[in-house]
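Visitor: This is the structure I have questions about; it appears just below.
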Amino acid sequence: MFMTKIGVLGLQGAVREHIQSIEASGAEGVVIKRKEQLDDIDGLILPGGESTTMRRLIDKYDFFDELVKFGEQGKPIFGTCAGLILLANDIEGQDNAHLQLMDMKVARNAFGRQKDSFEASLTITGVADDFEAVFIRAPFVMEVGQGVEVLATYGDNIVAAKQGHYLCSAFHPELTDDHRITEYFVKMVEQSKKELAS
Amino acid sequence: MSKLGTDRVKRGMAEMQKGGVIMDVINAEQAKIAEEAGAVAVMALERVPSDIRAAGGVARMADPTIVEEVMNAVSIPVMAKARIGHIVEARVLEAMGVDYIDESEVLTPADEVYHLLKSDYTVPFVCGCRNIGEAARRIGEGASMLRTKGEPGTGNIVEAVRHMREVQTQIRQLVHMSKDEIMTFAKDHGAPFEVLLDIKENGRLPVVNFAAGGIATPADAALMMQLGADGVFVGSGIFKSDNPAKFARAIVEATTHYEDYELIAKVSKDLGTAMKGIEISTIAPEQRMQDRGW
């Protein structure tokens, strides 16, 4: 069997770190700069960065419909921080959401400005009970729809969730050497690859 | 238990800016144009570097009213500049909730011997560098992000190129040195030994390094990315051009796709006149901003 290929949307943000984390988790990492490349990969990570900037670049290069199609084909997507905002179908204080692939309402910069950014140890269901999570001007999930499974909370706020083949985190797993949540995503992709092939 | 202001949190913030453009703005209107064009952050200033250069006199931290106005106008991060060594300007900006502070040679230094001890602050700092010695000293003091100094406000890329090449060459030298040669290299460059060792072992700087100081066109921005910059700061270039919104979008696109020459050609069309540049040799030595910092 060919190695599982996971792309990282490479328009802006922490792309290299995600690639390293994918490779440390035993899959092949590919930087995705053009929409045609989406055909060659089994799963996709939407990295941390500035969500406003990423959305502008997604529109500019006609990525939008292709990303939605990618998800609707059943291929897994993992959004971290800005990527979580891109996946949500409702953003607090904004009329329009982005890809709208996950049934949840999110708040941007929900913990405050950069001086309020922090690290904390988290329990993530099915992943770890001592995950070192780095939150940077992070969003959180305010509420989720029925099909969404909450994987982690910090205080009263949801900071990791899963809906079928979609996974999201408000923190940045790529900024630490703890690859357990990326490994979890790689397993999701391997599973979906098997199912899509059969 | 949560921990604020750790290295990972401060350096990570800069990691999120990679591949992006940070633009100088002097009011809410410009900040919105920058955000709309796809800037990853804005630098709130009272005057852009070319105007600081033209005005002469002492350049200080911006009026907090301007910084606040910009912070209220956009949802992307807002940076602001403090004078080198000016502890109180930096603490004031931190108290205001600015996302990043630039301890900047563009402003008139407050201290001609010491820089800020940036590790003491919760807010992260970016500092300028021309070579590995400056880069390592700033990291040693706690800078979470670096940028080339270039020669600000000139619209002339030559100094930024010189500084980026210098830093990259010296990183390669370090990587190939044997460990017993590092201490003498540290002595020769006035660089902290531990920081150099870290650079040698990882093959790169431990923080993000952007290009700044003289970027005036989309091609300039792409050039700096090719030379190894993680992203670019554009100061006077955008809002001193004829059509700032279009210019800003073009710079963002050229930075994202810095190896796509057809695209750079396309976005460079009909941009109007770029800012008027200054030949470096015509600037008197005492007017060179890059020589500020120690």
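Within each chain, counting starts at residue 1; across the structure tokens, chains are named A, B, ... in the order shown, with ligands numbered 1 upward in that order.
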If you count only C-alpha atoms, which residues fall within 8 Å of segment 174-182 of chain B, apart from same-chain ones fewer than 4 positions away, as a ChimeraX atom specification?
Guide: /B:170,186,193,196-197,199-201,203
Visitor: If we count only C-alpha atoms, which residues of chain A reach to within 10 Å of chain B? Please list them as JSON, numbers by chain.
Guide: {"A": [10, 11, 12, 13, 14, 15, 16, 17, 33, 47, 48, 49, 50, 51, 52, 53, 54, 55, 56, 57, 60, 61, 81, 82, 108, 109, 112, 113, 114, 115, 116, 117, 118, 119, 120, 121, 122, 133, 134, 135, 136, 137, 154, 172, 174, 175, 176]}
Visitor: Can you write out the residues you just picked, keeping N, CA and C atoms, as a tab-separated table (two decimals), in the first residue's frame?
Guide:
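out.tsv was written with the following content:
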chain	number	residue	atom	x	y	z
A	10	GLY	N	-1.04	25.58	2.31
A	10	GLY	CA	0.20	26.35	2.48
A	10	GLY	C	0.12	27.78	2.01
A	11	LEU	N	-1.01	28.43	2.23
A	11	LEU	CA	-1.14	29.82	1.78
A	11	LEU	C	-0.48	30.78	2.76
A	12	GLN	N	-0.56	30.45	4.04
A	12	GLN	CA	0.01	31.33	5.08
A	12	GLN	C	-0.06	30.58	6.40
A	13	GLY	N	0.89	30.87	7.30
A	13	GLY	CA	0.82	30.31	8.65
A	13	GLY	C	1.87	29.25	8.94
A	14	ALA	N	1.60	28.45	9.99
A	14	ALA	CA	2.58	27.48	10.48
A	14	ALA	C	2.50	26.20	9.65
A	15	VAL	N	3.03	26.25	8.45
A	15	VAL	CA	2.91	25.13	7.51
A	15	VAL	C	4.00	24.08	7.78
A	16	ARG	N	5.26	24.55	7.87
A	16	ARG	CA	6.38	23.63	8.02
A	16	ARG	C	6.25	22.74	9.26
A	17	GLU	N	5.79	23.34	10.36
A	17	GLU	CA	5.67	22.59	11.62
A	17	GLU	C	4.66	21.45	11.49
A	33	LYS	N	-0.35	24.40	-2.31
A	33	LYS	CA	-0.41	25.82	-2.72
A	33	LYS	C	-1.41	26.03	-3.85
A	47	PRO	N	-3.93	24.90	8.69
A	47	PRO	CA	-3.02	25.26	9.78
A	47	PRO	C	-3.45	26.52	10.52
A	48	GLY	N	-2.72	26.80	11.60
A	48	GLY	CA	-2.90	28.07	12.29
A	48	GLY	C	-2.29	29.18	11.48
A	49	GLY	N	-2.79	30.38	11.66
A	49	GLY	CA	-2.33	31.56	10.93
A	49	GLY	C	-3.36	32.63	11.18
A	50	GLU	N	-3.50	33.53	10.28
A	50	GLU	CA	-4.55	34.55	10.43
A	50	GLU	C	-5.74	34.14	9.56
A	51	SER	N	-6.90	33.87	10.20
A	51	SER	CA	-8.03	33.33	9.44
A	51	SER	C	-8.53	34.30	8.37
A	52	THR	N	-8.49	35.61	8.69
A	52	THR	CA	-8.94	36.62	7.71
A	52	THR	C	-8.06	36.56	6.46
A	53	THR	N	-6.74	36.50	6.70
A	53	THR	CA	-5.78	36.44	5.60
A	53	THR	C	-5.97	35.17	4.78
A	54	MET	N	-6.12	34.04	5.49
A	54	MET	CA	-6.26	32.77	4.78
A	54	MET	C	-7.51	32.76	3.92
A	55	ARG	N	-8.61	33.29	4.46
A	55	ARG	CA	-9.84	33.30	3.68
A	55	ARG	C	-9.67	34.12	2.40
A	56	ARG	N	-8.99	35.28	2.51
A	56	ARG	CA	-8.78	36.11	1.31
A	56	ARG	C	-7.99	35.32	0.27
A	57	LEU	N	-6.97	34.59	0.72
A	57	LEU	CA	-6.14	33.84	-0.22
A	57	LEU	C	-6.90	32.63	-0.78
A	60	LYS	N	-9.03	34.12	-3.43
A	60	LYS	CA	-8.18	34.61	-4.52
A	60	LYS	C	-7.77	33.47	-5.46
A	61	TYR	N	-7.50	32.31	-4.89
A	61	TYR	CA	-7.01	31.20	-5.72
A	61	TYR	C	-8.06	30.12	-5.91
A	81	CYS	N	-6.73	26.11	15.19
A	81	CYS	CA	-6.83	27.56	15.44
A	81	CYS	C	-7.56	28.27	14.30
A	82	ALA	N	-6.84	28.96	13.40
A	82	ALA	CA	-7.50	29.61	12.27
A	82	ALA	C	-8.27	28.57	11.44
A	108	ARG	N	-14.00	34.16	17.74
A	108	ARG	CA	-12.60	34.46	17.38
A	108	ARG	C	-11.90	35.17	18.52
A	109	ASN	N	-10.58	35.01	18.59
A	109	ASN	CA	-9.76	35.66	19.63
A	109	ASN	C	-10.48	35.62	20.98
A	112	GLY	N	-8.81	36.53	24.32
A	112	GLY	CA	-8.24	37.87	24.43
A	112	GLY	C	-7.13	38.10	23.42
A	113	ARG	N	-6.35	39.12	23.68
A	113	ARG	CA	-5.26	39.47	22.77
A	113	ARG	C	-4.03	38.62	23.07
A	114	GLN	N	-2.90	38.95	22.40
A	114	GLN	CA	-1.70	38.12	22.55
A	114	GLN	C	-1.24	38.01	24.01
A	115	LYS	N	-1.35	39.08	24.79
A	115	LYS	CA	-0.85	39.00	26.18
A	115	LYS	C	-1.62	37.97	27.00
A	116	ASP	N	-2.81	37.59	26.54
A	116	ASP	CA	-3.60	36.57	27.23
A	116	ASP	C	-3.35	35.17	26.67
A	117	SER	N	-2.52	35.05	25.65
A	117	SER	CA	-2.20	33.73	25.08
A	117	SER	C	-1.50	32.88	26.15
A	118	PHE	N	-1.71	31.56	26.11
A	118	PHE	CA	-1.22	30.73	27.22
A	118	PHE	C	-0.95	29.29	26.80
A	119	GLU	N	-0.30	28.56	27.73
A	119	GLU	CA	-0.14	27.11	27.59
A	119	GLU	C	-0.89	26.44	28.72
A	120	ALA	N	-1.45	25.28	28.47
A	120	ALA	CA	-2.12	24.54	29.54
A	120	ALA	C	-2.09	23.05	29.21
A	121	SER	N	-2.22	22.23	30.25
A	121	SER	CA	-2.28	20.78	30.04
A	121	SER	C	-3.75	20.37	29.90
A	122	LEU	N	-4.06	19.58	28.87
A	122	LEU	CA	-5.45	19.23	28.57
A	122	LEU	C	-5.68	17.73	28.54
A	133	ALA	N	-0.98	21.99	25.53
A	133	ALA	CA	-1.62	22.74	24.46
A	133	ALA	C	-1.19	24.21	24.50
A	134	VAL	N	-0.82	24.73	23.33
A	134	VAL	CA	-0.41	26.13	23.21
A	134	VAL	C	-1.52	26.92	22.52
A	135	PHE	N	-2.05	27.90	23.23
A	135	PHE	CA	-3.16	28.72	22.71
A	135	PHE	C	-2.64	30.10	22.35
A	136	ILE	N	-2.80	30.53	21.11
A	136	ILE	CA	-2.31	31.83	20.68
A	136	ILE	C	-3.43	32.63	20.05
A	137	ARG	N	-3.82	33.71	20.71
A	137	ARG	CA	-4.96	34.51	20.24
A	137	ARG	C	-6.05	33.54	19.77
A	154	TYR	N	-11.49	23.60	28.03
A	154	TYR	CA	-10.60	24.33	28.94
A	154	TYR	C	-11.48	25.35	29.65
A	172	HIS	N	-2.50	24.79	19.19
A	172	HIS	CA	-1.55	24.52	18.11
A	172	HIS	C	-0.70	23.30	18.40
A	174	GLU	N	1.09	21.74	16.46
A	174	GLU	CA	2.33	21.78	15.66
A	174	GLU	C	3.45	22.56	16.36
A	175	LEU	N	3.13	23.30	17.41
A	175	LEU	CA	4.17	24.09	18.09
A	175	LEU	C	4.85	23.32	19.22
A	176	THR	N	4.45	22.08	19.44
A	176	THR	CA	5.12	21.28	20.46
A	176	THR	C	5.64	20.00	19.82
Visitor: Got a sec: who's within 7 Å of Gly277 of chain B, counting only C-alpha atoms, leaving out chain neighbours fewer than 2 positions off, as number ranges by chain?
Guide: B: 154-156, 275, 279
Visitor: If you count only C-alpha atoms, which residues fall within 9 Å of Glu68 of chain B, apart from same-chain ones fewer than 3 positions away, as a ChimeraX atom specification?
Guide: /B:44,63-65,71-73,96,98
Visitor: Do you have the atom CA of Glu286 of chain B-atom CA of Thr108 of chain B distance handy?
Guide: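 Those two atoms sit 11.7 Å apart.
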Visitor: Just the number, please: distance in Å from atom CA of Val158 of chain B to atom CA of Arg60 of chain B, one decimal.
Guide: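 Value for the atom CA of Val158 of chain B-atom CA of Arg60 of chain B distance: 26.2 Å.
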Visitor: Pull the strand (DSSP E or B) assignments for segment 116-170 of chain B out of DSSP run on the backbone, and list those residues as number ranges by chain.
Guide: B: 125-129, 145-148
Visitor: Within 9 Å of Cys129 of chain B, counting only C-alpha atoms, which residues show up once you throw out same-chain ones fewer than 5 positions away? Write them as a PyMOL selection string, please.
Guide: chain B and resi 134-136+138+146-150+163-164+167+290+293
Visitor: As a PyMOL selection string, list the residues of segment 85-234 of chain B assigned to alpha helix (DSSP H) by DSSP on the backbone atoms of this structure.
Guide: chain B and resi 87-96+132-141+158-176+182-189+193-202+218-226
Visitor: Atom CA of Thr184 of chain B to atom CA of Glu105 of chain B: how many Å, to one decimal?
Guide: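 Atom CA of Glu105 of chain B lies 28.3 Å from atom CA of Thr184 of chain B.
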Visitor: Would you mind listing what lies within 7 Å of Val232 of chain B as a list of chain:residue names, with only C-alpha atoms counted and same-chain residues fewer than 4 positions away left out?
Guide: B:Gly20, B:Val21, B:Ile22, B:Phe210, B:Ala211, B:Ala212, B:Ala221
Visitor: Could the residues in this selection be saved with C-alpha atoms as a short mmCIF file (atom, residue, chain, number, x, y, z; two decimals), in the first residue's frame?
Guide:
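Contents of the output file out_9.cif:
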data_model
loop_
_atom_site.label_atom_id
_atom_site.label_comp_id
_atom_site.auth_asym_id
_atom_site.auth_seq_id
_atom_site.Cartn_x
_atom_site.Cartn_y
_atom_site.Cartn_z
CA GLY B 20 2.54 36.91 5.39
CA VAL B 21 2.93 40.66 5.07
CA ILE B 22 2.94 43.08 8.01
CA PHE B 210 11.16 38.51 8.47
CA ALA B 211 12.57 40.97 5.94
CA ALA B 212 12.19 44.71 6.48
CA ALA B 221 8.90 41.13 -1.42
#
Visitor: So, counting only C-alpha atoms, which residue among A:His165, A:Asn89, A:Gly79, A:His98 is closest to Ser192 of chain A?
Guide: A:His165
